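Coordinates as given in coords.txt (compact mmCIF, C-alpha atoms):
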# COMPACT_ATOMS: atom_id res chain seq x y z
CA MET A 1 -37.09 -4.65 18.28
CA ILE A 2 -35.61 -1.41 19.57
CA ARG A 3 -32.54 -3.30 20.64
CA CYS A 4 -32.31 -4.76 17.17
CA ILE A 5 -32.41 -1.34 15.54
CA ALA A 6 -29.91 0.02 18.04
CA LEU A 7 -27.56 -2.84 17.24
CA VAL A 8 -27.84 -2.29 13.50
CA LEU A 9 -27.24 1.44 13.94
CA ALA A 10 -24.26 0.76 16.15
CA LEU A 11 -22.80 -1.59 13.58
CA VAL A 12 -23.27 0.83 10.70
CA ALA A 13 -21.71 3.61 12.72
CA LEU A 14 -18.64 1.64 13.73
CA PRO A 15 -15.68 3.31 12.05
CA LEU A 16 -13.32 0.57 13.08
CA PRO A 17 -10.39 -0.70 11.11
CA ALA A 18 -10.72 -4.26 9.95
CA ALA A 19 -8.15 -5.97 12.08
CA ALA A 20 -7.40 -8.93 9.90
CA HIS A 21 -6.02 -7.44 6.75
CA LYS A 22 -2.60 -7.92 5.41
CA VAL A 23 -0.13 -5.14 6.02
CA ILE A 24 1.49 -3.60 2.98
CA PHE A 25 4.82 -1.96 3.55
CA ALA A 26 7.05 -0.90 0.69
CA ILE A 27 10.18 1.22 0.54
CA PHE A 28 11.96 2.48 -2.52
CA LYS A 29 14.77 4.78 -3.49
CA SER A 30 13.76 8.26 -4.48
CA GLY A 31 16.63 10.55 -5.35
CA VAL A 32 18.33 11.70 -2.18
CA SER A 33 15.87 10.00 0.13
CA ILE A 34 13.92 6.83 0.75
CA GLU A 35 10.20 6.87 0.19
CA GLY A 36 7.82 4.35 1.63
CA GLU A 37 4.21 3.44 1.88
CA LEU A 38 2.33 1.80 4.70
CA GLY A 39 -1.21 0.52 4.68
CA PHE A 40 -3.55 -2.44 4.59
CA SER A 41 -4.26 -4.68 1.64
CA ASN A 42 -7.85 -3.42 1.44
CA GLY A 43 -6.61 0.03 0.46
CA ASP A 44 -6.77 1.76 3.85
CA MET A 45 -3.54 3.66 4.20
CA SER A 46 -2.03 4.14 7.60
CA SER A 47 -1.73 7.79 8.57
CA GLY A 48 0.28 9.23 11.43
CA THR A 49 2.11 5.99 12.16
CA SER A 50 5.64 6.36 13.37
CA ILE A 51 8.23 4.35 11.44
CA GLN A 52 11.39 3.40 13.29
CA VAL A 53 14.57 3.40 11.27
CA LEU A 54 17.20 1.07 12.68
CA ASP A 55 20.55 -0.31 11.63
CA THR A 56 21.10 -4.05 11.35
CA GLN A 57 22.13 -4.28 15.00
CA GLY A 58 18.88 -2.67 16.09
CA ALA A 59 20.30 0.72 17.05
CA LYS A 60 18.00 3.58 16.15
CA ILE A 61 19.07 5.78 13.26
CA GLY A 62 15.98 7.89 12.93
CA GLU A 63 12.25 8.07 12.65
CA ALA A 64 9.64 8.97 10.05
CA VAL A 65 5.89 9.58 10.30
CA THR A 66 3.37 8.65 7.62
CA ASP A 67 1.14 11.33 6.10
CA SER A 68 -2.57 10.93 5.35
CA ASP A 69 -1.79 8.75 2.32
CA GLY A 70 0.41 6.41 4.34
CA PHE A 71 3.42 7.95 2.64
CA PHE A 72 6.71 8.73 4.36
CA VAL A 73 10.15 10.03 3.44
CA PHE A 74 13.43 9.36 5.15
CA THR A 75 16.77 10.84 4.15
CA PRO A 76 19.72 8.61 5.01
CA THR A 77 23.06 10.04 6.03
CA GLU A 78 25.21 6.94 6.45
CA PRO A 79 25.92 4.25 3.84
CA ILE A 80 24.79 1.34 6.02
CA ALA A 81 21.83 -1.00 5.70
CA HIS A 82 18.61 0.57 6.99
CA VAL A 83 15.84 -1.46 8.61
CA PHE A 84 12.39 0.15 8.60
CA LYS A 85 9.94 -1.05 11.22
CA ALA A 86 6.30 -0.13 11.54
CA ASP A 87 3.88 -1.13 14.29
CA MET A 88 0.22 -0.37 13.73
CA GLY A 89 -0.95 -2.12 16.87
CA ALA A 90 -3.01 -5.29 17.29
CA GLY A 91 -0.22 -7.43 15.89
CA HIS A 92 0.13 -5.52 12.65
CA VAL A 93 3.85 -5.09 12.29
CA ALA A 94 5.89 -4.76 9.16
CA GLU A 95 9.58 -4.64 8.43
CA ALA A 96 11.55 -3.75 5.33
CA THR A 97 15.28 -3.48 4.79
CA MET A 98 17.22 -1.42 2.33
CA PRO A 99 20.74 -2.81 1.78
CA ALA A 100 23.88 -0.74 2.22
CA ASP A 101 24.72 -0.51 -1.50
CA GLU A 102 21.35 1.04 -2.32
CA ILE A 103 21.80 3.55 0.49
CA ALA A 104 25.26 4.31 -0.93
CA GLU A 105 23.66 5.01 -4.32
CA ILE A 106 21.25 7.42 -2.67
CA LEU A 107 24.15 9.17 -0.97
CA GLY A 108 25.91 9.29 -4.36
CA VAL A 109 22.92 11.12 -5.78
CA ALA A 110 22.97 13.44 -2.80
CA ALA A 111 26.63 14.23 -3.48
CA ILE A 112 25.82 15.09 -7.11
CA GLU A 113 22.96 17.29 -6.04
CA GLU A 114 25.19 19.13 -3.62
CA THR A 115 27.75 19.93 -6.27
CA VAL A 116 24.97 21.07 -8.59
CA THR A 117 23.50 23.47 -6.05
CA ALA A 118 26.98 24.70 -5.13
CA THR A 119 28.06 25.40 -8.70
CA ALA A 120 24.74 26.43 -10.22
CA PRO A 121 24.64 30.11 -9.14
CA ALA A 122 28.24 30.67 -10.18
CA SER A 123 27.86 29.12 -13.63
CA ALA A 124 24.57 30.90 -14.22
CA THR A 125 26.09 34.34 -13.76
CA GLU A 126 29.42 33.70 -15.46
CA ASN A 127 28.52 31.68 -18.53
CA ALA A 128 24.89 32.44 -19.22
CA ALA A 129 25.43 32.41 -22.97
CA GLN A 130 27.52 29.28 -23.06
CA VAL A 131 25.28 26.28 -23.68
CA THR A 132 26.58 22.76 -23.74
CA VAL A 133 24.47 20.22 -25.59
CA ALA A 134 27.00 17.44 -25.95
CA SER A 135 25.98 15.62 -22.76
CA LEU A 136 23.44 15.92 -20.03
CA SER A 137 24.47 18.02 -17.12
CA ASN A 138 23.97 16.79 -13.60
CA GLU A 139 21.07 19.19 -13.20
CA GLU A 140 19.27 17.71 -16.18
CA ARG A 141 19.92 14.20 -14.99
CA LEU A 142 18.34 15.00 -11.66
CA ALA A 143 15.35 16.68 -13.30
CA ILE A 144 14.78 13.66 -15.53
CA ALA A 145 15.14 11.27 -12.60
CA GLU A 146 12.59 13.33 -10.68
CA ALA A 147 10.12 13.32 -13.59
CA VAL A 148 10.48 9.59 -14.12
CA ARG A 149 9.92 8.96 -10.40
CA ASP A 150 6.71 11.00 -10.44
CA GLU A 151 5.48 9.07 -13.46
CA MET A 152 6.38 5.76 -11.87
CA ARG A 153 4.65 6.36 -8.56
CA PRO A 154 1.07 5.50 -9.63
CA LEU A 155 2.40 2.49 -11.52
CA ARG A 156 4.19 1.26 -8.44
CA ARG A 157 1.01 1.60 -6.43
CA GLU A 158 -1.01 -0.23 -9.02
CA LEU A 159 1.55 -3.01 -9.10
CA ALA A 160 1.44 -3.33 -5.31
CA ALA A 161 -2.35 -3.47 -5.41
CA TYR A 162 -2.26 -6.04 -8.19
CA ARG A 163 0.07 -8.25 -6.22
CA GLU A 164 -2.44 -8.29 -3.36
CA LYS A 165 -5.31 -9.36 -5.56
CA ASN A 166 -6.52 -12.89 -5.02
CA ASP A 167 -7.95 -14.18 -8.23
CA LEU A 168 -10.16 -17.17 -8.78
CA GLN A 169 -7.31 -19.43 -9.83
CA THR A 170 -5.55 -18.91 -6.50
CA ILE A 171 -8.71 -19.64 -4.54
CA LEU A 172 -9.59 -22.72 -6.56
CA GLY A 173 -5.99 -23.86 -6.32
CA GLY A 174 -6.14 -23.60 -2.54
CA ILE A 175 -9.41 -25.51 -2.34
CA GLY A 176 -7.91 -28.13 -4.64
CA TYR A 177 -4.95 -28.52 -2.31
CA ILE A 178 -7.24 -28.95 0.69
CA PHE A 179 -9.35 -31.61 -1.01
CA GLY A 180 -6.23 -33.31 -2.27
CA LEU A 181 -4.67 -33.38 1.19
CA PHE A 182 -7.78 -34.72 2.86
CA GLY A 183 -8.28 -37.20 0.03
CA LEU A 184 -4.76 -38.45 0.59
CA TYR A 185 -5.38 -38.76 4.30
CA PHE A 186 -8.64 -40.55 3.58
CA TYR A 187 -6.78 -42.99 1.34
CA ILE A 188 -4.15 -43.68 4.00
CA ALA A 189 -6.80 -44.12 6.70
CA ALA A 190 -8.82 -46.45 4.45
CA ARG A 191 -5.73 -48.52 3.65
CA ARG A 192 -4.94 -48.78 7.33
CA ARG A 193 -8.45 -49.93 8.09
CA MET A 194 -8.43 -52.51 5.32
CA ALA A 195 -5.06 -53.81 6.49
CA GLY A 196 -6.28 -54.02 10.07
CA MET B 1 -7.11 -12.31 13.29
CA HIS B 2 -3.96 -13.55 11.64
CA ILE B 3 -0.91 -12.47 13.59
CA VAL B 4 1.97 -11.78 11.22
CA ASP B 5 5.60 -12.90 11.31
CA GLY B 6 7.73 -10.89 13.67
CA ALA B 7 4.89 -9.59 15.85
CA LEU B 8 5.51 -12.08 18.64
CA SER B 9 8.56 -12.93 20.72
CA ASN B 10 10.24 -16.31 20.28
CA PRO B 11 9.01 -17.93 23.54
CA VAL B 12 5.40 -17.11 22.61
CA VAL B 13 5.86 -18.54 19.12
CA ILE B 14 7.47 -21.72 20.47
CA ALA B 15 4.88 -22.24 23.20
CA GLY B 16 2.06 -21.65 20.72
CA THR B 17 3.56 -24.10 18.26
CA VAL B 18 3.99 -26.80 20.90
CA LEU B 19 0.38 -26.43 22.05
CA ALA B 20 -0.87 -26.41 18.47
CA VAL B 21 1.07 -29.59 17.70
CA GLY B 22 -0.60 -31.18 20.71
CA GLY B 23 -4.01 -30.07 19.47
CA VAL B 24 -3.37 -31.39 15.98
CA ALA B 25 -2.18 -34.73 17.37
CA MET B 26 -5.34 -34.91 19.47
CA GLY B 27 -7.43 -34.03 16.43
CA LEU B 28 -5.78 -36.60 14.18
CA LYS B 29 -6.32 -39.28 16.81
CA ARG B 30 -10.04 -38.53 16.75
CA LEU B 31 -10.17 -38.14 12.99
CA THR B 32 -11.72 -41.40 11.89
CA LEU B 33 -12.48 -42.43 8.34
CA GLU B 34 -16.07 -41.23 8.57
CA ARG B 35 -15.08 -37.73 9.59
CA ILE B 36 -12.40 -37.03 7.01
CA PRO B 37 -14.70 -35.76 4.21
CA ALA B 38 -16.54 -33.37 6.57
CA THR B 39 -13.21 -32.18 7.94
CA GLY B 40 -11.96 -31.45 4.43
CA ILE B 41 -15.11 -29.54 3.52
CA LEU B 42 -14.93 -27.39 6.66
CA SER B 43 -11.23 -26.80 6.11
CA ALA B 44 -12.03 -25.52 2.62
CA SER B 45 -14.88 -23.37 3.99
CA PHE B 46 -12.52 -21.81 6.51
CA PHE B 47 -9.93 -21.21 3.78
CA VAL B 48 -12.44 -19.36 1.60
CA ALA B 49 -14.29 -17.60 4.45
CA SER B 50 -11.37 -15.24 5.04
CA LEU B 51 -11.86 -13.91 1.50
CA ILE B 52 -15.49 -13.04 2.08
CA HIS B 53 -15.32 -9.44 3.09
CA VAL B 54 -18.45 -8.06 4.63
CA PRO B 55 -18.63 -4.29 4.21
CA ILE B 56 -19.72 -2.63 7.44
CA GLY B 57 -19.75 1.13 7.53
CA PRO B 58 -16.59 2.48 5.97
CA SER B 59 -14.61 -0.67 6.67
CA SER B 60 -14.95 -4.35 6.01
CA VAL B 61 -14.36 -7.49 8.02
CA HIS B 62 -13.87 -11.06 6.99
CA LEU B 63 -15.42 -14.23 8.27
CA ILE B 64 -13.56 -16.88 10.23
CA LEU B 65 -16.09 -19.68 10.76
CA ASN B 66 -14.14 -21.39 13.52
CA GLY B 67 -17.26 -21.82 15.66
CA LEU B 68 -19.00 -23.83 12.95
CA ALA B 69 -15.89 -25.94 12.38
CA GLY B 70 -15.62 -26.62 16.10
CA LEU B 71 -19.29 -27.56 16.53
CA ILE B 72 -19.21 -30.07 13.71
CA LEU B 73 -15.68 -31.39 14.07
CA GLY B 74 -14.76 -31.16 17.74
CA TRP B 75 -11.05 -31.83 18.18
CA ALA B 76 -10.69 -32.50 14.46
CA ALA B 77 -11.07 -28.73 14.00
CA PHE B 78 -7.35 -28.46 14.80
CA PRO B 79 -6.03 -30.28 11.72
CA ALA B 80 -8.81 -28.79 9.56
CA LEU B 81 -8.06 -25.20 10.54
CA LEU B 82 -4.30 -25.74 10.49
CA VAL B 83 -4.46 -26.87 6.86
CA GLY B 84 -6.68 -23.90 6.02
CA LEU B 85 -4.29 -21.48 7.76
CA LEU B 86 -1.25 -22.99 6.06
CA LEU B 87 -2.78 -22.54 2.62
CA GLN B 88 -3.97 -19.02 3.45
CA THR B 89 -0.40 -18.16 4.39
CA VAL B 90 1.05 -19.71 1.24
CA PHE B 91 -1.56 -18.43 -1.20
CA PHE B 92 -2.73 -15.11 0.22
CA GLY B 93 0.08 -14.11 2.54
CA PHE B 94 -2.21 -13.95 5.61
CA GLY B 95 -0.28 -14.51 8.81
CA GLY B 96 3.09 -16.16 8.48
CA LEU B 97 4.82 -19.51 8.54
CA THR B 98 6.67 -19.04 11.83
CA VAL B 99 3.51 -17.94 13.66
CA LEU B 100 1.39 -20.70 12.12
CA GLY B 101 1.27 -22.57 15.42
CA VAL B 102 0.12 -19.53 17.39
CA ASN B 103 -2.52 -18.68 14.79
CA ALA B 104 -3.74 -22.28 14.73
CA LEU B 105 -4.02 -22.26 18.51
CA ASN B 106 -5.80 -18.89 18.56
CA ILE B 107 -8.37 -20.00 15.99
CA ALA B 108 -8.75 -23.75 16.57
CA GLY B 109 -8.51 -23.50 20.37
CA PRO B 110 -11.77 -21.51 20.65
CA ALA B 111 -13.33 -23.87 18.09
CA VAL B 112 -12.69 -26.84 20.38
CA LEU B 113 -13.77 -24.83 23.42
CA THR B 114 -17.02 -23.93 21.66
CA TRP B 115 -17.62 -27.59 20.95
CA LEU B 116 -16.94 -28.53 24.58
CA LEU B 117 -19.28 -25.84 25.88
CA PHE B 118 -22.09 -25.83 23.32
CA GLY B 119 -21.69 -29.07 21.36
CA LYS B 120 -23.91 -31.14 23.65
CA LEU B 121 -26.54 -28.40 23.85
CA VAL B 122 -26.71 -28.13 20.08
CA GLU B 123 -27.00 -31.87 19.57
CA ARG B 124 -29.59 -32.58 22.21
CA SER B 125 -32.04 -29.74 21.79
CA SER B 126 -34.58 -29.26 19.01
CA PRO B 127 -33.35 -27.86 15.67
CA THR B 128 -34.53 -24.34 16.52
CA THR B 129 -33.05 -24.24 20.02
CA GLY B 130 -29.96 -25.98 18.68
CA ALA B 131 -29.57 -23.28 16.05
CA ILE B 132 -29.75 -20.59 18.74
CA TRP B 133 -27.08 -22.35 20.80
CA ALA B 134 -24.98 -22.75 17.66
CA GLY B 135 -25.32 -19.02 17.05
CA VAL B 136 -24.18 -18.30 20.59
CA GLY B 137 -21.29 -20.69 20.04
CA GLY B 138 -20.36 -19.01 16.77
CA ALA B 139 -20.15 -15.60 18.44
CA PHE B 140 -18.39 -17.05 21.46
CA SER B 141 -15.61 -18.61 19.42
CA ILE B 142 -14.85 -15.28 17.72
CA ALA B 143 -14.82 -13.51 21.09
CA ALA B 144 -12.49 -16.18 22.50
CA THR B 145 -10.24 -15.84 19.47
CA THR B 146 -9.96 -12.08 19.92
CA GLY B 147 -9.14 -12.72 23.58
CA LEU B 148 -6.39 -15.17 22.65
CA VAL B 149 -4.96 -12.86 19.99
CA ALA B 150 -4.80 -10.05 22.54
CA PHE B 151 -3.27 -12.46 25.06
CA SER B 152 -0.55 -13.50 22.59
CA LEU B 153 0.22 -9.84 21.93
CA MET B 154 0.28 -9.14 25.65
CA LEU B 155 2.83 -11.89 26.26
CA THR B 156 5.04 -10.14 23.74
CA GLY B 157 4.77 -6.81 25.48
CA ASP B 158 1.62 -5.01 24.40
CA ALA B 159 -0.69 -3.94 27.19
CA PHE B 160 -3.53 -6.46 27.35
CA ILE B 161 -6.57 -4.26 27.88
CA PRO B 162 -6.08 -1.79 24.98
CA ALA B 163 -5.03 -4.56 22.59
CA ALA B 164 -7.94 -6.77 23.62
CA LYS B 165 -10.39 -3.90 23.32
CA LEU B 166 -9.16 -2.98 19.87
CA VAL B 167 -9.37 -6.51 18.50
CA PHE B 168 -12.62 -7.29 20.30
CA PHE B 169 -14.55 -4.23 19.15
CA ALA B 170 -13.30 -4.56 15.60
CA HIS B 171 -14.77 -8.05 15.55
CA ILE B 172 -18.22 -7.36 16.96
CA PRO B 173 -19.68 -7.25 13.43
CA VAL B 174 -17.99 -10.57 12.65
CA MET B 175 -19.48 -12.06 15.81
CA VAL B 176 -22.98 -11.05 14.76
CA ILE B 177 -22.56 -12.35 11.24
CA GLU B 178 -20.94 -15.57 12.38
CA ALA B 179 -23.67 -16.14 14.96
CA LEU B 180 -26.31 -15.87 12.25
CA LEU B 181 -24.30 -17.98 9.84
CA THR B 182 -23.44 -20.72 12.32
CA GLY B 183 -27.02 -20.83 13.57
CA THR B 184 -28.43 -21.09 10.06
CA ALA B 185 -25.88 -23.68 8.98
CA VAL B 186 -26.55 -25.88 11.99
CA TYR B 187 -30.33 -25.47 11.56
CA LEU B 188 -30.05 -26.48 7.92
CA VAL B 189 -27.88 -29.49 8.70
CA ARG B 190 -30.27 -30.59 11.42
CA LYS B 191 -33.23 -30.29 9.04
CA VAL B 192 -31.65 -31.81 5.96
CA ARG B 193 -29.16 -34.27 7.36
CA PRO B 194 -30.04 -34.81 11.02
CA ASP B 195 -27.68 -37.77 11.13
CA LEU B 196 -24.57 -35.67 10.35
CA PHE B 197 -23.89 -34.77 13.96
CA SER B 198 -24.69 -38.14 15.44
CA ALA B 199 -23.02 -40.09 12.63
CA ILE B 200 -19.76 -38.18 12.91
CA LYS B 201 -19.78 -38.08 16.69
CA GLY B 202 -20.95 -41.64 17.09
CA ALA B 203 -18.05 -42.97 15.11
CA ALA B 204 -15.56 -40.95 17.07
CA LEU B 205 -16.61 -41.20 20.67

Written as structure tokens, that's how I'd like the structure from this file.
Amino acid sequence: MIRCIALVLALVALPLPAAAHKVIFAIFKSGVSIEGELGFSNGDMSSGTSIQVLDTQGAKIGEAVTDSDGFFVFTPTEPIAHVFKADMGAGHVAEATMPADEIAEILGVAAIEETVTATAPASATENAAQVTVASLSNEERLAIAEAVRDEMRPLRRELAAYREKNDLQTILGGIGYIFGLFGLYFYIAARRRMAG
Amino acid sequence: MHIVDGALSNPVVIAGTVLAVGGVAMGLKRLTLERIPATGILSASFFVASLIHVPIGPSSVHLILNGLAGLILGWAAFPALLVGLLLQTVFFGFGGLTVLGVNALNIAGPAVLTWLLFGKLVERSSPTTGAIWAGVGGAFSIAATTGLVAFSLMLTGDAFIPAAKLVFFAHIPVMVIEALLTGTAVYLVRKVRPDLFSAIKGAAL
């Protein structure tokens, strides 16, 4: 009896990660850097995991570490394809690649941002009264992009969670496949027996 | 329990696939007409079992049911579990297609081993004792699976002891639940359909 209780207590107290969940690993462009998320399909995010950033040949470009929400940021410097690799132990590995043209776009944004920060103080002092409304300045474009990204982030998460959901149709479909396959095998075996 | 694509080195994947193909061939050879329906049912149970998440403490674990499949099916557990794994990969994204062989070996291997070790004991003893042996078998097959998973990871470069410990301890709750479940299932079958074991086995051996 005491052993029983001890066992139950031990089980309740076990703060172990479930080792059989699917790994979720997503990377996306975010202004001048690459943002990513790492976690398990049950919603546990992976914190403090080191993410290796490699080029396509496997040479190391850099490294990023996830925060408590499984979130990480990496700022690329070269317009080449980046491969992100994560290893959470016990066979949970994940890999995601961002192609060279997307990295080039990020670096393009970085170039714009640089010119903005370089010219902003000068223009602010010289032409404070002069306001241009004809087109969006680079500064405004960046601000809008930033705002849109912030708005999109929860949506992106929800979408990722939705994609991991297994609904009844999927489950029933799978069971149907299994019964169909074994039915087919049964048919073949029965035919063989009748022939023989 | 499902190792994902890219976690293992090529030699491990190839060796696992070759062994799994052997196991499936062995299973199909033993899979007579009488056993096909039971094999299909257990394959479907295995497929769905991975979706049953049992909340334990702050985390949750999912069932595997390979011990039960092994005890009832013997070698036929290989094709049954392979089909289940394949559909789990396709439908839910568990595991991966390239590592299918290794996963099949890691899950169906212990199922067959459980049958070899405990099958006779379960069949011969009384329903109650048989249920206890089945429970032991159910827990054993999970433990053996964690061992094999850790072994596969070790062959790829992970240190065996930490990896094995991690996987093993994470699955202690599953072992307990599976032991209870396998025991109850076998007890029920013995009470309701005592001929299931002998009928299936008798036709095969």

Residue neighbourhood Gly96 in chain B, 12 Å, all atoms listed in the file, exclusion window fewer than 4 positions, as a PyMOL selection string: (chain A and resi 22-23+91-94) or (chain B and resi 1-8+13+85-92+100-104)

Shell around Leu172 in chain A at 12 Å using all atoms listed in the file, local window under 5 positions removed, as a PyMOL selection string: (chain A and resi 166-167+177-180) or (chain B and resi 44-45+47-48+87+91)

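With only C-alpha atoms as the atoms that count, the minimum distance from chain A to the choices B:Ala25, B:Leu166, B:Val99, B:Ala185 is reached by B:Leu166.
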
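Residues in contact with Val189 in chain B at 12 Å, where only C-alpha atoms are counted and same-chain residues fewer than 6 positions away are skipped, are listed as Leu68, Leu71, Ile72, Val122, Glu123, Pro127, Thr128, Gly130, Ala131, Ala134, Thr182, Gly183, Asp195, Leu196, Phe197 and Ser198 of chain B.
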
Interatomic distance, CA of Trp75 in chain B to CA of Ser9 in chain B (Å, one decimal): 27.4 Å

Proximity to chain B - best of A:Glu102, A:Arg157, A:Ala96, A:Lys60, all atoms listed in the file: A:Ala96

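Separating CA of Ser47 in chain A from CA of Phe72 in chain A is a distance of 9.5 Å.
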
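One distance worth recording is that between CA of Ala139 in chain B and CA of Asn106 in chain B, which is 14.7 Å.
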
From A:Val53, A:Asn138, A:Met98, A:Asp87, residue lying nearest chain B [only C-alpha atoms]: A:Asp87

How big is the axis-aligned box, and where does its centre sit, when it encloses all atoms of range 11-29 of chain B listed in the file and has 3 Å added on every side, reported in Å to one decimal as JSON?
{"center_x": 0.8, "center_y": -28.2, "center_z": 18.9, "size_x": 22.4, "size_y": 28.2, "size_z": 15.4}

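Using all atoms listed in the file, the smallest distance between any of B:Leu65, B:Leu105, B:Ile41, B:Met175 and chain A comes from B:Ile41.
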
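For the choices A:Ala195, A:Val83, A:Met88, A:Ala160, the atom-to-atom distance to Val65 in chain A is smallest for A:Met88 when using only C-alpha atoms.
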
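Closest approach to chain A from the set B:Val24, B:Ala170, B:Leu73, B:Ile52 is made by B:Ala170, with distances taken over all atoms listed in the file.
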
Mind listing as a PDB file with C-alpha atoms, keeping the file's coordinate frame all residues within 10 Å of (-24.5, -26.2, 22.7), counting only C-alpha atoms?
ATOM      1  CA  LEU B  71     -19.290 -27.560  16.530  1.00  0.00           C
ATOM      2  CA  THR B 114     -17.020 -23.930  21.660  1.00  0.00           C
ATOM      3  CA  TRP B 115     -17.620 -27.590  20.950  1.00  0.00           C
ATOM      4  CA  LEU B 116     -16.940 -28.530  24.580  1.00  0.00           C
ATOM      5  CA  LEU B 117     -19.280 -25.840  25.880  1.00  0.00           C
ATOM      6  CA  PHE B 118     -22.090 -25.830  23.320  1.00  0.00           C
ATOM      7  CA  GLY B 119     -21.690 -29.070  21.360  1.00  0.00           C
ATOM      8  CA  LYS B 120     -23.910 -31.140  23.650  1.00  0.00           C
ATOM      9  CA  LEU B 121     -26.540 -28.400  23.850  1.00  0.00           C
ATOM     10  CA  VAL B 122     -26.710 -28.130  20.080  1.00  0.00           C
ATOM     11  CA  GLU B 123     -27.000 -31.870  19.570  1.00  0.00           C
ATOM     12  CA  ARG B 124     -29.590 -32.580  22.210  1.00  0.00           C
ATOM     13  CA  SER B 125     -32.040 -29.740  21.790  1.00  0.00           C
ATOM     14  CA  THR B 129     -33.050 -24.240  20.020  1.00  0.00           C
ATOM     15  CA  GLY B 130     -29.960 -25.980  18.680  1.00  0.00           C
ATOM     16  CA  ALA B 131     -29.570 -23.280  16.050  1.00  0.00           C
ATOM     17  CA  ILE B 132     -29.750 -20.590  18.740  1.00  0.00           C
ATOM     18  CA  TRP B 133     -27.080 -22.350  20.800  1.00  0.00           C
ATOM     19  CA  ALA B 134     -24.980 -22.750  17.660  1.00  0.00           C
ATOM     20  CA  GLY B 135     -25.320 -19.020  17.050  1.00  0.00           C
ATOM     21  CA  VAL B 136     -24.180 -18.300  20.590  1.00  0.00           C
ATOM     22  CA  GLY B 137     -21.290 -20.690  20.040  1.00  0.00           C
TER      23      GLY B 137
END

Residues within 12 Å of Gly74 in chain B, all atoms listed in the file, excluding chain neighbours under 5 positions, as an MDAnalysis selection string: chainID B and resid 23:24 26:31 35 38:39 42 66:69 79:81 108:120 197 200:201 204:205

Output file for the selection above: C-alpha atoms, as an mmCIF file, in the coordinates of the input:
data_model
loop_
_atom_site.group_PDB
_atom_site.id
_atom_site.type_symbol
_atom_site.label_atom_id
_atom_site.label_comp_id
_atom_site.auth_asym_id
_atom_site.auth_seq_id
_atom_site.Cartn_x
_atom_site.Cartn_y
_atom_site.Cartn_z
ATOM 1 C CA GLY B 23 -4.010 -30.070 19.470
ATOM 2 C CA VAL B 24 -3.370 -31.390 15.980
ATOM 3 C CA MET B 26 -5.340 -34.910 19.470
ATOM 4 C CA GLY B 27 -7.430 -34.030 16.430
ATOM 5 C CA LEU B 28 -5.780 -36.600 14.180
ATOM 6 C CA LYS B 29 -6.320 -39.280 16.810
ATOM 7 C CA ARG B 30 -10.040 -38.530 16.750
ATOM 8 C CA LEU B 31 -10.170 -38.140 12.990
ATOM 9 C CA ARG B 35 -15.080 -37.730 9.590
ATOM 10 C CA ALA B 38 -16.540 -33.370 6.570
ATOM 11 C CA THR B 39 -13.210 -32.180 7.940
ATOM 12 C CA LEU B 42 -14.930 -27.390 6.660
ATOM 13 C CA ASN B 66 -14.140 -21.390 13.520
ATOM 14 C CA GLY B 67 -17.260 -21.820 15.660
ATOM 15 C CA LEU B 68 -19.000 -23.830 12.950
ATOM 16 C CA ALA B 69 -15.890 -25.940 12.380
ATOM 17 C CA PRO B 79 -6.030 -30.280 11.720
ATOM 18 C CA ALA B 80 -8.810 -28.790 9.560
ATOM 19 C CA LEU B 81 -8.060 -25.200 10.540
ATOM 20 C CA ALA B 108 -8.750 -23.750 16.570
ATOM 21 C CA GLY B 109 -8.510 -23.500 20.370
ATOM 22 C CA PRO B 110 -11.770 -21.510 20.650
ATOM 23 C CA ALA B 111 -13.330 -23.870 18.090
ATOM 24 C CA VAL B 112 -12.690 -26.840 20.380
ATOM 25 C CA LEU B 113 -13.770 -24.830 23.420
ATOM 26 C CA THR B 114 -17.020 -23.930 21.660
ATOM 27 C CA TRP B 115 -17.620 -27.590 20.950
ATOM 28 C CA LEU B 116 -16.940 -28.530 24.580
ATOM 29 C CA LEU B 117 -19.280 -25.840 25.880
ATOM 30 C CA PHE B 118 -22.090 -25.830 23.320
ATOM 31 C CA GLY B 119 -21.690 -29.070 21.360
ATOM 32 C CA LYS B 120 -23.910 -31.140 23.650
ATOM 33 C CA PHE B 197 -23.890 -34.770 13.960
ATOM 34 C CA ILE B 200 -19.760 -38.180 12.910
ATOM 35 C CA LYS B 201 -19.780 -38.080 16.690
ATOM 36 C CA ALA B 204 -15.560 -40.950 17.070
ATOM 37 C CA LEU B 205 -16.610 -41.200 20.670
#

Residues within 12 Å of Ile188 in chain A, only C-alpha atoms, excluding chain neighbours under 5 positions, as a list of chain:residue names: A:Leu181, A:Phe182, A:Gly183, A:Arg193, A:Met194, A:Ala195, B:Thr32, B:Leu33, B:Ile36
